[in-house]
file final_18.cif (mmCIF, C-alpha atoms)
data_upload
#
loop_
_atom_site.group_PDB
_atom_site.id
_atom_site.type_symbol
_atom_site.label_atom_id
_atom_site.label_comp_id
_atom_site.auth_asym_id
_atom_site.auth_seq_id
_atom_site.Cartn_x
_atom_site.Cartn_y
_atom_site.Cartn_z
ATOM 1 C CA MET A 8 -18.172 -2.566 6.868
ATOM 2 C CA ILE A 9 -16.970 -5.173 9.370
ATOM 3 C CA ASP A 10 -19.114 -6.912 11.982
ATOM 4 C CA TYR A 11 -16.461 -8.937 13.758
ATOM 5 C CA VAL A 12 -12.727 -9.468 13.665
ATOM 6 C CA THR A 13 -12.081 -13.130 14.454
ATOM 7 C CA LYS A 14 -8.298 -13.346 14.219
ATOM 8 C CA VAL A 15 -5.463 -10.838 14.107
ATOM 9 C CA ILE A 16 -1.744 -11.211 14.005
ATOM 10 C CA PRO A 17 -0.553 -7.583 14.171
ATOM 11 C CA GLY A 18 1.516 -6.647 11.165
ATOM 12 C CA LYS A 19 0.732 -9.966 9.470
ATOM 13 C CA MET A 20 -2.981 -10.656 8.937
ATOM 14 C CA ALA A 21 -6.563 -10.012 10.019
ATOM 15 C CA ASN A 22 -9.691 -12.061 9.408
ATOM 16 C CA GLY A 23 -13.335 -11.495 10.203
ATOM 17 C CA TYR A 24 -16.757 -11.200 8.649
ATOM 18 C CA LYS A 25 -19.683 -9.001 7.704
ATOM 19 C CA ASN A 26 -23.270 -10.211 7.614
ATOM 20 C CA PHE A 27 -25.345 -8.449 4.994
ATOM 21 C CA THR A 28 -28.798 -8.444 6.512
ATOM 22 C CA ASN A 29 -31.897 -7.691 4.481
ATOM 23 C CA ASN A 30 -32.256 -4.228 5.975
ATOM 24 C CA GLU A 31 -28.902 -2.816 4.807
ATOM 25 C CA TRP A 32 -29.456 0.789 3.677
ATOM 26 C CA PHE A 33 -28.180 0.253 0.155
ATOM 27 C CA PHE A 34 -30.242 -2.763 -0.931
ATOM 28 C CA PRO A 35 -33.391 -0.801 -1.878
ATOM 29 C CA ILE A 36 -31.355 1.398 -4.237
ATOM 30 C CA HIS A 37 -28.691 -1.063 -5.408
ATOM 31 C CA PHE A 38 -30.750 -2.224 -7.213
ATOM 32 C CA PRO A 39 -34.551 -2.113 -7.080
ATOM 33 C CA GLY A 40 -35.715 -5.623 -7.835
ATOM 34 C CA HIS A 41 -32.192 -7.066 -7.766
ATOM 35 C CA PRO A 42 -30.491 -6.100 -4.498
ATOM 36 C CA ASN A 43 -26.779 -6.892 -4.145
ATOM 37 C CA VAL A 44 -23.809 -5.468 -2.267
ATOM 38 C CA PRO A 45 -22.082 -2.590 -4.105
ATOM 39 C CA GLY A 46 -18.525 -3.386 -5.140
ATOM 40 C CA ALA A 47 -17.187 -0.249 -3.497
ATOM 41 C CA LEU A 48 -18.489 -1.481 -0.145
ATOM 42 C CA GLN A 49 -16.977 -4.926 -0.651
ATOM 43 C CA LEU A 50 -13.627 -3.269 -1.289
ATOM 44 C CA GLU A 51 -14.122 -1.062 1.766
ATOM 45 C CA ALA A 52 -14.670 -4.165 3.890
ATOM 46 C CA LEU A 53 -11.394 -5.669 2.642
ATOM 47 C CA ALA A 54 -9.496 -2.409 3.171
ATOM 48 C CA GLN A 55 -10.886 -1.936 6.692
ATOM 49 C CA MET A 56 -9.825 -5.452 7.626
ATOM 50 C CA LEU A 57 -6.298 -4.861 6.305
ATOM 51 C CA THR A 58 -6.225 -1.683 8.376
ATOM 52 C CA ILE A 59 -6.921 -3.780 11.479
ATOM 53 C CA ALA A 60 -3.742 -5.745 10.839
ATOM 54 C CA ILE A 61 -1.742 -2.497 10.940
ATOM 55 C CA THR A 62 -3.480 -0.452 13.597
ATOM 56 C CA THR A 63 -3.083 -3.298 16.099
ATOM 57 C CA LEU A 64 0.701 -2.930 15.921
ATOM 58 C CA PRO A 65 2.238 -1.266 18.987
ATOM 59 C CA GLY A 66 1.938 2.523 18.774
ATOM 60 C CA ASN A 67 -0.589 2.523 15.928
ATOM 61 C CA LYS A 68 -3.811 2.325 17.893
ATOM 62 C CA GLY A 69 -6.205 5.080 16.870
ATOM 63 C CA ARG A 70 -4.043 6.382 14.049
ATOM 64 C CA VAL A 71 -5.752 7.586 10.894
ATOM 65 C CA THR A 72 -5.220 5.482 7.770
ATOM 66 C CA HIS A 73 -5.607 6.481 4.135
ATOM 67 C CA ALA A 74 -6.103 4.371 1.039
ATOM 68 C CA ILE A 75 -3.448 4.855 -1.631
ATOM 69 C CA SER A 76 -4.339 2.417 -4.384
ATOM 70 C CA HIS A 77 -6.456 -0.685 -4.732
ATOM 71 C CA THR A 78 -6.765 -3.162 -7.558
ATOM 72 C CA VAL A 79 -9.899 -5.187 -7.118
ATOM 73 C CA ARG A 80 -11.551 -8.094 -8.898
ATOM 74 C CA PHE A 81 -15.206 -8.960 -8.285
ATOM 75 C CA ARG A 82 -16.153 -12.568 -8.912
ATOM 76 C CA ARG A 83 -19.617 -13.096 -7.498
ATOM 77 C CA GLU A 84 -22.628 -11.085 -6.422
ATOM 78 C CA ILE A 85 -23.322 -10.864 -2.706
ATOM 79 C CA LEU A 86 -27.024 -11.018 -1.966
ATOM 80 C CA PRO A 87 -29.137 -9.958 1.030
ATOM 81 C CA GLY A 88 -28.747 -12.392 3.920
ATOM 82 C CA GLU A 89 -25.300 -13.629 2.889
ATOM 83 C CA LYS A 90 -22.192 -13.599 5.039
ATOM 84 C CA LEU A 91 -18.908 -12.226 3.726
ATOM 85 C CA GLU A 92 -15.864 -13.895 5.261
ATOM 86 C CA ILE A 93 -12.930 -11.498 5.009
ATOM 87 C CA GLU A 94 -9.300 -12.610 4.945
ATOM 88 C CA THR A 95 -6.439 -10.150 4.635
ATOM 89 C CA LYS A 96 -2.694 -10.516 4.624
ATOM 90 C CA VAL A 97 0.044 -7.895 5.004
ATOM 91 C CA LEU A 98 2.625 -8.315 2.244
ATOM 92 C CA SER A 99 4.845 -5.492 3.474
ATOM 93 C CA TRP A 100 4.739 -2.852 6.181
ATOM 94 C CA LYS A 101 7.450 -0.266 6.368
ATOM 95 C CA ARG A 102 7.596 3.386 7.473
ATOM 96 C CA GLY A 103 3.862 3.955 7.361
ATOM 97 C CA LEU A 104 3.211 2.202 4.059
ATOM 98 C CA CYS A 105 1.360 -1.105 3.902
ATOM 99 C CA LYS A 106 0.906 -3.339 0.888
ATOM 100 C CA GLY A 107 -1.541 -6.147 1.345
ATOM 101 C CA PHE A 108 -3.943 -8.612 -0.159
ATOM 102 C CA GLY A 109 -7.491 -9.404 0.783
ATOM 103 C CA LYS A 110 -10.259 -11.685 -0.316
ATOM 104 C CA GLY A 111 -13.933 -11.964 0.501
ATOM 105 C CA ILE A 112 -15.556 -15.367 0.553
ATOM 106 C CA VAL A 113 -19.281 -16.122 0.407
ATOM 107 C CA ALA A 114 -20.582 -19.667 0.861
ATOM 108 C CA GLY A 115 -17.136 -21.047 0.089
ATOM 109 C CA GLU A 116 -16.733 -19.029 -3.116
ATOM 110 C CA VAL A 117 -14.404 -16.084 -3.634
ATOM 111 C CA ALA A 118 -16.644 -13.057 -4.160
ATOM 112 C CA CYS A 119 -13.965 -10.387 -4.357
ATOM 113 C CA GLU A 120 -10.213 -10.013 -4.013
ATOM 114 C CA ALA A 121 -7.934 -7.006 -3.976
ATOM 115 C CA GLU A 122 -4.344 -5.869 -3.852
ATOM 116 C CA MET A 123 -4.292 -2.855 -1.584
ATOM 117 C CA THR A 124 -1.892 -0.139 -0.516
ATOM 118 C CA ILE A 125 -2.774 1.845 2.580
ATOM 119 C CA THR A 126 -0.838 4.317 4.640
ATOM 120 C CA ILE A 127 -0.676 5.894 8.053
ATOM 121 C CA PRO A 128 0.152 9.458 6.913
ATOM 122 C CA GLU A 129 1.355 10.483 10.362
ATOM 123 C CA ILE A 130 4.205 7.967 10.055
ATOM 124 C CA LEU A 131 4.833 8.293 6.312
ATOM 125 C CA ASP A 132 5.183 12.080 6.520
ATOM 126 C CA GLN A 133 8.126 11.749 8.903
ATOM 127 C CA TYR A 134 10.207 10.267 6.088
ATOM 128 C CA ILE A 135 9.488 12.512 3.115
ATOM 129 C CA PRO A 136 12.013 15.103 1.895
ATOM 130 C CA LYS A 137 11.410 18.646 3.055
ATOM 131 C CA LYS A 138 10.782 21.188 0.308
ATOM 132 C CA MET B 4 25.137 -5.245 -14.021
ATOM 133 C CA THR B 5 27.055 -2.387 -12.366
ATOM 134 C CA ASN B 6 25.777 -0.531 -9.318
ATOM 135 C CA SER B 7 25.155 2.494 -11.514
ATOM 136 C CA GLU B 8 23.002 0.440 -13.875
ATOM 137 C CA LYS B 9 21.122 -1.141 -10.976
ATOM 138 C CA TYR B 10 20.519 2.289 -9.427
ATOM 139 C CA SER B 11 19.191 3.776 -12.676
ATOM 140 C CA LYS B 12 17.054 0.734 -13.409
ATOM 141 C CA VAL B 13 15.200 1.094 -10.101
ATOM 142 C CA PHE B 14 14.145 4.634 -11.043
ATOM 143 C CA GLU B 15 13.429 3.808 -14.675
ATOM 144 C CA LYS B 16 11.307 0.830 -13.807
ATOM 145 C CA PHE B 17 9.481 2.147 -10.785
ATOM 146 C CA PHE B 18 8.762 5.614 -12.143
ATOM 147 C CA SER B 19 8.405 4.494 -15.789
ATOM 148 C CA ILE B 20 10.789 7.239 -16.797
ATOM 149 C CA ASN B 21 13.304 7.515 -19.614
ATOM 150 C CA LYS B 22 16.968 7.187 -18.670
ATOM 151 C CA SER B 23 17.749 10.559 -20.281
ATOM 152 C CA LYS B 24 15.595 12.330 -17.671
ATOM 153 C CA LEU B 25 17.175 10.754 -14.599
ATOM 154 C CA LYS B 26 19.972 13.260 -14.058
ATOM 155 C CA LYS B 27 17.562 16.130 -13.370
ATOM 156 C CA LEU B 28 15.032 14.018 -11.485
ATOM 157 C CA LYS B 29 14.002 15.481 -8.129
ATOM 158 C CA TYR B 30 11.418 14.717 -5.464
ATOM 159 C CA GLN B 31 8.023 15.912 -6.699
ATOM 160 C CA SER B 32 9.424 16.896 -10.120
ATOM 161 C CA ILE B 33 7.214 14.180 -11.611
ATOM 162 C CA PRO B 34 3.803 12.989 -10.353
ATOM 163 C CA GLN B 35 5.157 9.483 -9.628
ATOM 164 C CA TRP B 36 7.737 10.761 -7.113
ATOM 165 C CA ASP B 37 5.309 11.806 -4.414
ATOM 166 C CA SER B 38 5.392 10.756 -0.749
ATOM 167 C CA VAL B 39 4.222 7.225 -1.520
ATOM 168 C CA GLY B 40 6.544 6.984 -4.526
ATOM 169 C CA HIS B 41 9.383 8.148 -2.287
ATOM 170 C CA MET B 42 8.818 5.404 0.236
ATOM 171 C CA SER B 43 8.506 2.831 -2.511
ATOM 172 C CA ILE B 44 11.689 3.892 -4.307
ATOM 173 C CA ILE B 45 13.615 3.843 -1.017
ATOM 174 C CA GLY B 46 12.287 0.348 -0.323
ATOM 175 C CA ASN B 47 13.276 -0.783 -3.806
ATOM 176 C CA LEU B 48 16.789 0.607 -3.419
ATOM 177 C CA GLU B 49 17.142 -1.054 -0.014
ATOM 178 C CA ASP B 50 16.104 -4.381 -1.507
ATOM 179 C CA THR B 51 18.366 -3.953 -4.540
ATOM 180 C CA PHE B 52 21.480 -3.082 -2.526
ATOM 181 C CA LYS B 53 20.568 -5.046 0.609
ATOM 182 C CA ILE B 54 20.857 -2.067 2.937
ATOM 183 C CA THR B 55 18.645 -0.324 5.488
ATOM 184 C CA MET B 56 18.737 3.433 5.285
ATOM 185 C CA ASP B 57 18.616 5.766 8.270
ATOM 186 C CA MET B 58 15.673 8.119 8.703
ATOM 187 C CA ASP B 59 17.806 11.242 8.075
ATOM 188 C CA ASP B 60 19.124 9.792 4.824
ATOM 189 C CA ILE B 61 15.619 8.952 3.623
ATOM 190 C CA ILE B 62 14.576 12.555 4.260
ATOM 191 C CA ASP B 63 17.710 13.938 2.546
ATOM 192 C CA PHE B 64 17.205 11.694 -0.484
ATOM 193 C CA ASN B 65 15.533 14.396 -2.580
ATOM 194 C CA SER B 66 17.006 13.825 -6.026
ATOM 195 C CA PHE B 67 18.505 11.159 -8.264
ATOM 196 C CA GLU B 68 21.961 12.719 -7.926
ATOM 197 C CA LYS B 69 21.720 13.264 -4.155
ATOM 198 C CA GLY B 70 20.780 9.612 -3.786
ATOM 199 C CA LYS B 71 24.118 8.544 -5.263
ATOM 200 C CA LYS B 72 25.979 10.505 -2.563
ATOM 201 C CA ILE B 73 23.789 9.068 0.175
ATOM 202 C CA LEU B 74 24.384 5.501 -0.995
ATOM 203 C CA LYS B 75 28.118 6.064 -0.673
ATOM 204 C CA LYS B 76 27.580 6.158 3.104
ATOM 205 C CA TYR B 77 26.403 2.576 2.811
ATOM 206 C CA LYS B 78 29.495 1.631 0.801
ATOM 207 C CA ILE B 79 27.550 1.516 -2.439
ATOM 208 C CA LYS B 80 29.591 3.250 -5.126
ATOM 209 C CA ILE B 81 27.484 4.464 -8.016
#

call {"tool": "encode", "arguments": {"input": "final_18.cif", "output": "structure tokens"}}
result
Amino acid sequence: MIDYVTKVIPGKMANGYKNFTNNEWFFPIHFPGHPNVPGALQLEALAQMLTIAITTLPGNKGRVTHAISHTVRFRREILPGEKLEIETKVLSWKRGLCKGFGKGIVAGEVACEAEMTITIPEILDQYIPKK
Amino acid sequence: MTNSEKYSKVFEKFFSINKSKLKKLKYQSIPQWDSVGHMSIIGNLEDTFKITMDMDDIIDFNSFEKGKKILKKYKIKI
């Protein structure tokens, strides 16, 4: 759900954008006569961008990430042809657990924002008590 | 607030658990204390007591009571 990453500071932030062209697969079904970007996909775009900020840290390239919890607020519909600017910030990163914030901006307006927790299980699992 | 109160408060607040249940609290004995909860509680304790725990201690930290013994290593008397 990302077209381009425009700026990354590993472990700190990642920005980029996604252009929602008229031929996106979901517009005909979400919804007929009133196409707009599904909220779940907006959140996915934010989460993927936050992931970039973590997987660009040394040693994390190619590692699998999982979502843990997201709290999202949608503020504006995103329509066919619009560009979603994505800005994410890492609030904390420790032992495979990342807490972060992201917002999506369309035409200068905040369209969505989310508090997100993601993990790299391969790292996290090294620190959990053995049963 | 004593160290003991601070220690209990972290668990009570983060896991939303009653103080009376802390003594028997173990890793995975409640849904909140899963792998993510574990990392979060360790982070909270580190922030509260201004310490950084070693990897082996984080792995050994498998109960409320065991945690008290582990914190002693960091000169935190509970």

call {"tool": "axis_aligned_box", "arguments": {"input": "final_18.cif", "around": "region 45-54 of chain A", "padding_each_side": "5 Å", "output": "AutoDock Vina command-line options"}}
result
--center_x -15.8 --center_y -3.0 --center_z -0.6 --size_x 22.6 --size_y 15.4 --size_z 19.0

call {"tool": "residues_around", "arguments": {"input": "final_18.cif", "residues": "Ala54 (chain A)", "least_positions_apart": "3", "cutoff": "8 Å", "atoms": "only C-alpha atoms", "output": "list of chain:residue names"}}
result
A:Leu50, A:Glu51, A:Leu57, A:Thr58, A:Ala74, A:Gly109, A:Met123, A:Ile125

call {"tool": "atom_distance", "arguments": {"input": "final_18.cif", "atom1": "CA of Asn65 (chain B)", "atom2": "CA of Tyr30 (chain B)"}}
result
5.0 Å

call {"tool": "closest_atom_pairs", "arguments": {"input": "final_18.cif", "of": "chain A", "to": "chain B", "cutoff": "6 Å", "atoms": "all atoms listed in the file", "output": "JSON lines"}}
result
{"residue": "A:Tyr134", "atom": "CA", "partner": "B:Ile62", "partner_atom": "CA", "distance": 5.3}
{"residue": "A:Ile135", "atom": "CA", "partner": "B:Ile62", "partner_atom": "CA", "distance": 5.2}
{"residue": "A:Pro136", "atom": "CA", "partner": "B:Ile62", "partner_atom": "CA", "distance": 4.3}

call {"tool": "resolve_selection", "arguments": {"input": "final_18.cif", "expression": "the PyMOL selection byres ((chain A and resi 60-65) around 6)", "output": "ChimeraX atom specification"}}
result
/A:17-18,20-21,57-59,66-68

call {"tool": "atom_distance", "arguments": {"input": "final_18.cif", "atom1": "CA of His41 (chain A)", "atom2": "CA of Ile9 (chain A)"}}
result
23.0 Å

call {"tool": "resolve_selection", "arguments": {"input": "final_18.cif", "expression": "the PyMOL selection byres ((chain A and resi 11) around 8)", "output": "number ranges by chain"}}
result
A: 9-10, 12-13, 23-25

call {"tool": "resolve_selection", "arguments": {"input": "final_18.cif", "expression": "the PyMOL selection byres ((chain B and resi 49) around 12)", "output": "list in words"}}
result
Lys101 of chain A; Lys9, Tyr10, Val13, Met42, Ser43, Ile44, Ile45, Gly46, Asn47, Leu48, Asp50, Thr51, Phe52, Lys53, Ile54, Thr55, Met56, Asp57, Ile61, Gly70, Leu74, Tyr77 and Ile79 of chain B

call {"tool": "write_last_selection", "arguments": {"input": "final_18.cif", "atoms": "C-alpha atoms", "output": "JSON list (two decimals), in the coordinates of the input"}}
result
[["chain", "number", "residue", "atom", "x", "y", "z"],
["A", 101, "LYS", "CA", 7.45, -0.27, 6.37],
["B", 9, "LYS", "CA", 21.12, -1.14, -10.98],
["B", 10, "TYR", "CA", 20.52, 2.29, -9.43],
["B", 13, "VAL", "CA", 15.20, 1.09, -10.10],
["B", 42, "MET", "CA", 8.82, 5.40, 0.24],
["B", 43, "SER", "CA", 8.51, 2.83, -2.51],
["B", 44, "ILE", "CA", 11.69, 3.89, -4.31],
["B", 45, "ILE", "CA", 13.62, 3.84, -1.02],
["B", 46, "GLY", "CA", 12.29, 0.35, -0.32],
["B", 47, "ASN", "CA", 13.28, -0.78, -3.81],
["B", 48, "LEU", "CA", 16.79, 0.61, -3.42],
["B", 50, "ASP", "CA", 16.10, -4.38, -1.51],
["B", 51, "THR", "CA", 18.37, -3.95, -4.54],
["B", 52, "PHE", "CA", 21.48, -3.08, -2.53],
["B", 53, "LYS", "CA", 20.57, -5.05, 0.61],
["B", 54, "ILE", "CA", 20.86, -2.07, 2.94],
["B", 55, "THR", "CA", 18.64, -0.32, 5.49],
["B", 56, "MET", "CA", 18.74, 3.43, 5.28],
["B", 57, "ASP", "CA", 18.62, 5.77, 8.27],
["B", 61, "ILE", "CA", 15.62, 8.95, 3.62],
["B", 70, "GLY", "CA", 20.78, 9.61, -3.79],
["B", 74, "LEU", "CA", 24.38, 5.50, -1.00],
["B", 77, "TYR", "CA", 26.40, 2.58, 2.81],
["B", 79, "ILE", "CA", 27.55, 1.52, -2.44]]

call {"tool": "atom_distance", "arguments": {"input": "final_18.cif", "atom1": "CA of Ala118 (chain A)", "atom2": "CA of Val97 (chain A)"}}
result
19.7 Å

call {"tool": "residues_around", "arguments": {"input": "final_18.cif", "residues": "Ala121 (chain A)", "least_positions_apart": "6", "cutoff": "9 Å", "atoms": "all atoms listed in the file", "output": "mmCIF file with C-alpha atoms, in the coordinates of the input"}}
result
data_model
loop_
_atom_site.group_PDB
_atom_site.id
_atom_site.type_symbol
_atom_site.label_atom_id
_atom_site.label_comp_id
_atom_site.auth_asym_id
_atom_site.auth_seq_id
_atom_site.Cartn_x
_atom_site.Cartn_y
_atom_site.Cartn_z
ATOM 1 C CA LEU A 50 -13.627 -3.269 -1.289
ATOM 2 C CA LEU A 53 -11.394 -5.669 2.642
ATOM 3 C CA ALA A 54 -9.496 -2.409 3.171
ATOM 4 C CA HIS A 77 -6.456 -0.685 -4.732
ATOM 5 C CA THR A 78 -6.765 -3.162 -7.558
ATOM 6 C CA VAL A 79 -9.899 -5.187 -7.118
ATOM 7 C CA ARG A 80 -11.551 -8.094 -8.898
ATOM 8 C CA PHE A 81 -15.206 -8.960 -8.285
ATOM 9 C CA GLY A 107 -1.541 -6.147 1.345
ATOM 10 C CA PHE A 108 -3.943 -8.612 -0.159
ATOM 11 C CA GLY A 109 -7.491 -9.404 0.783
ATOM 12 C CA LYS A 110 -10.259 -11.685 -0.316
ATOM 13 C CA GLY A 111 -13.933 -11.964 0.501
#

call {"tool": "residues_near_point", "arguments": {"input": "final_18.cif", "point": "(0.9, 9.0, 8.7)", "cutoff": "9 Å", "atoms": "only C-alpha atoms", "output": "PyMOL selection string"}}
result
chain A and resi 70-73+102-104+126-133

call {"tool": "closest_residue", "arguments": {"input": "final_18.cif", "among": "A:Glu92, A:Glu122, A:Glu84, A:Glu116", "to": "His37 (chain A)", "atoms": "all atoms listed in the file"}}
result
A:Glu84

call {"tool": "residues_around", "arguments": {"input": "final_18.cif", "residues": "Ile112 (chain A)", "least_positions_apart": "3", "cutoff": "9 Å", "atoms": "only C-alpha atoms", "output": "VMD selection string"}}
result
chain A and resid 90 to 94 115 to 120

call {"tool": "decode", "arguments": {"input": "final_18.cif", "residues": "region 14-39 of chain A", "atoms": "N, CA and C atoms", "output": "PDB file, in the first residue's frame"}}
result
ATOM      1  N   LYS A  14      11.504   9.607   2.539  1.00  0.00           N
ATOM      2  CA  LYS A  14      12.499   9.940   3.566  1.00  0.00           C
ATOM      3  C   LYS A  14      12.462   8.902   4.685  1.00  0.00           C
ATOM      4  N   VAL A  15      13.611   8.443   5.074  1.00  0.00           N
ATOM      5  CA  VAL A  15      13.698   7.500   6.202  1.00  0.00           C
ATOM      6  C   VAL A  15      14.844   7.890   7.103  1.00  0.00           C
ATOM      7  N   ILE A  16      14.574   7.906   8.378  1.00  0.00           N
ATOM      8  CA  ILE A  16      15.655   7.930   9.359  1.00  0.00           C
ATOM      9  C   ILE A  16      15.464   6.645  10.162  1.00  0.00           C
ATOM     10  N   PRO A  17      16.303   5.624   9.907  1.00  0.00           N
ATOM     11  CA  PRO A  17      16.092   4.325  10.549  1.00  0.00           C
ATOM     12  C   PRO A  17      15.933   4.433  12.061  1.00  0.00           C
ATOM     13  N   GLY A  18      14.878   3.772  12.540  1.00  0.00           N
ATOM     14  CA  GLY A  18      14.605   3.785  13.968  1.00  0.00           C
ATOM     15  C   GLY A  18      13.912   5.033  14.457  1.00  0.00           C
ATOM     16  N   LYS A  19      13.690   5.995  13.544  1.00  0.00           N
ATOM     17  CA  LYS A  19      13.078   7.275  13.962  1.00  0.00           C
ATOM     18  C   LYS A  19      11.791   7.593  13.185  1.00  0.00           C
ATOM     19  N   MET A  20      11.857   7.576  11.859  1.00  0.00           N
ATOM     20  CA  MET A  20      10.694   7.976  11.068  1.00  0.00           C
ATOM     21  C   MET A  20      10.782   7.463   9.632  1.00  0.00           C
ATOM     22  N   ALA A  21       9.637   7.464   8.963  1.00  0.00           N
ATOM     23  CA  ALA A  21       9.606   7.160   7.524  1.00  0.00           C
ATOM     24  C   ALA A  21       8.421   7.893   6.911  1.00  0.00           C
ATOM     25  N   ASN A  22       8.656   8.520   5.796  1.00  0.00           N
ATOM     26  CA  ASN A  22       7.601   9.227   5.061  1.00  0.00           C
ATOM     27  C   ASN A  22       7.552   8.733   3.621  1.00  0.00           C
ATOM     28  N   GLY A  23       6.387   8.898   3.007  1.00  0.00           N
ATOM     29  CA  GLY A  23       6.247   8.523   1.612  1.00  0.00           C
ATOM     30  C   GLY A  23       4.835   8.802   1.137  1.00  0.00           C
ATOM     31  N   TYR A  24       4.435   8.133   0.061  1.00  0.00           N
ATOM     32  CA  TYR A  24       3.072   8.373  -0.416  1.00  0.00           C
ATOM     33  C   TYR A  24       2.513   7.199  -1.214  1.00  0.00           C
ATOM     34  N   LYS A  25       1.208   7.247  -1.389  1.00  0.00           N
ATOM     35  CA  LYS A  25       0.494   6.267  -2.207  1.00  0.00           C
ATOM     36  C   LYS A  25      -0.509   7.036  -3.061  1.00  0.00           C
ATOM     37  N   ASN A  26      -0.424   6.842  -4.355  1.00  0.00           N
ATOM     38  CA  ASN A  26      -1.402   7.433  -5.271  1.00  0.00           C
ATOM     39  C   ASN A  26      -2.531   6.432  -5.502  1.00  0.00           C
ATOM     40  N   PHE A  27      -3.741   6.864  -5.252  1.00  0.00           N
ATOM     41  CA  PHE A  27      -4.880   5.973  -5.483  1.00  0.00           C
ATOM     42  C   PHE A  27      -5.477   6.274  -6.858  1.00  0.00           C
ATOM     43  N   THR A  28      -5.013   5.521  -7.829  1.00  0.00           N
ATOM     44  CA  THR A  28      -5.474   5.741  -9.201  1.00  0.00           C
ATOM     45  C   THR A  28      -6.888   5.182  -9.370  1.00  0.00           C
ATOM     46  N   ASN A  29      -7.526   5.601 -10.434  1.00  0.00           N
ATOM     47  CA  ASN A  29      -8.917   5.199 -10.668  1.00  0.00           C
ATOM     48  C   ASN A  29      -9.096   3.691 -10.837  1.00  0.00           C
ATOM     49  N   ASN A  30      -8.018   3.012 -11.232  1.00  0.00           N
ATOM     50  CA  ASN A  30      -8.189   1.576 -11.506  1.00  0.00           C
ATOM     51  C   ASN A  30      -7.787   0.678 -10.329  1.00  0.00           C
ATOM     52  N   GLU A  31      -7.759   1.220  -9.115  1.00  0.00           N
ATOM     53  CA  GLU A  31      -7.490   0.359  -7.950  1.00  0.00           C
ATOM     54  C   GLU A  31      -8.568  -0.723  -7.874  1.00  0.00           C
ATOM     55  N   TRP A  32      -8.172  -1.930  -7.499  1.00  0.00           N
ATOM     56  CA  TRP A  32      -9.076  -3.090  -7.539  1.00  0.00           C
ATOM     57  C   TRP A  32     -10.319  -2.941  -6.658  1.00  0.00           C
ATOM     58  N   PHE A  33     -10.180  -2.163  -5.600  1.00  0.00           N
ATOM     59  CA  PHE A  33     -11.284  -2.116  -4.623  1.00  0.00           C
ATOM     60  C   PHE A  33     -12.341  -1.050  -4.930  1.00  0.00           C
ATOM     61  N   PHE A  34     -12.051  -0.105  -5.791  1.00  0.00           N
ATOM     62  CA  PHE A  34     -13.019   0.982  -6.009  1.00  0.00           C
ATOM     63  C   PHE A  34     -14.378   0.505  -6.561  1.00  0.00           C
ATOM     64  N   PRO A  35     -14.379  -0.462  -7.495  1.00  0.00           N
ATOM     65  CA  PRO A  35     -15.696  -0.892  -8.004  1.00  0.00           C
ATOM     66  C   PRO A  35     -16.604  -1.508  -6.938  1.00  0.00           C
ATOM     67  N   ILE A  36     -15.957  -2.084  -5.881  1.00  0.00           N
ATOM     68  CA  ILE A  36     -16.779  -2.763  -4.863  1.00  0.00           C
ATOM     69  C   ILE A  36     -16.873  -1.977  -3.556  1.00  0.00           C
ATOM     70  N   HIS A  37     -16.084  -0.928  -3.432  1.00  0.00           N
ATOM     71  CA  HIS A  37     -16.088  -0.145  -2.181  1.00  0.00           C
ATOM     72  C   HIS A  37     -16.177   1.332  -2.531  1.00  0.00           C
ATOM     73  N   PHE A  38     -17.330   1.894  -2.873  1.00  0.00           N
ATOM     74  CA  PHE A  38     -18.599   1.199  -3.038  1.00  0.00           C
ATOM     75  C   PHE A  38     -19.134   1.549  -4.419  1.00  0.00           C
ATOM     76  N   PRO A  39     -19.977   0.694  -4.994  1.00  0.00           N
ATOM     77  CA  PRO A  39     -20.549   1.023  -6.301  1.00  0.00           C
ATOM     78  C   PRO A  39     -21.259   2.387  -6.247  1.00  0.00           C
TER      79      PRO A  39
END
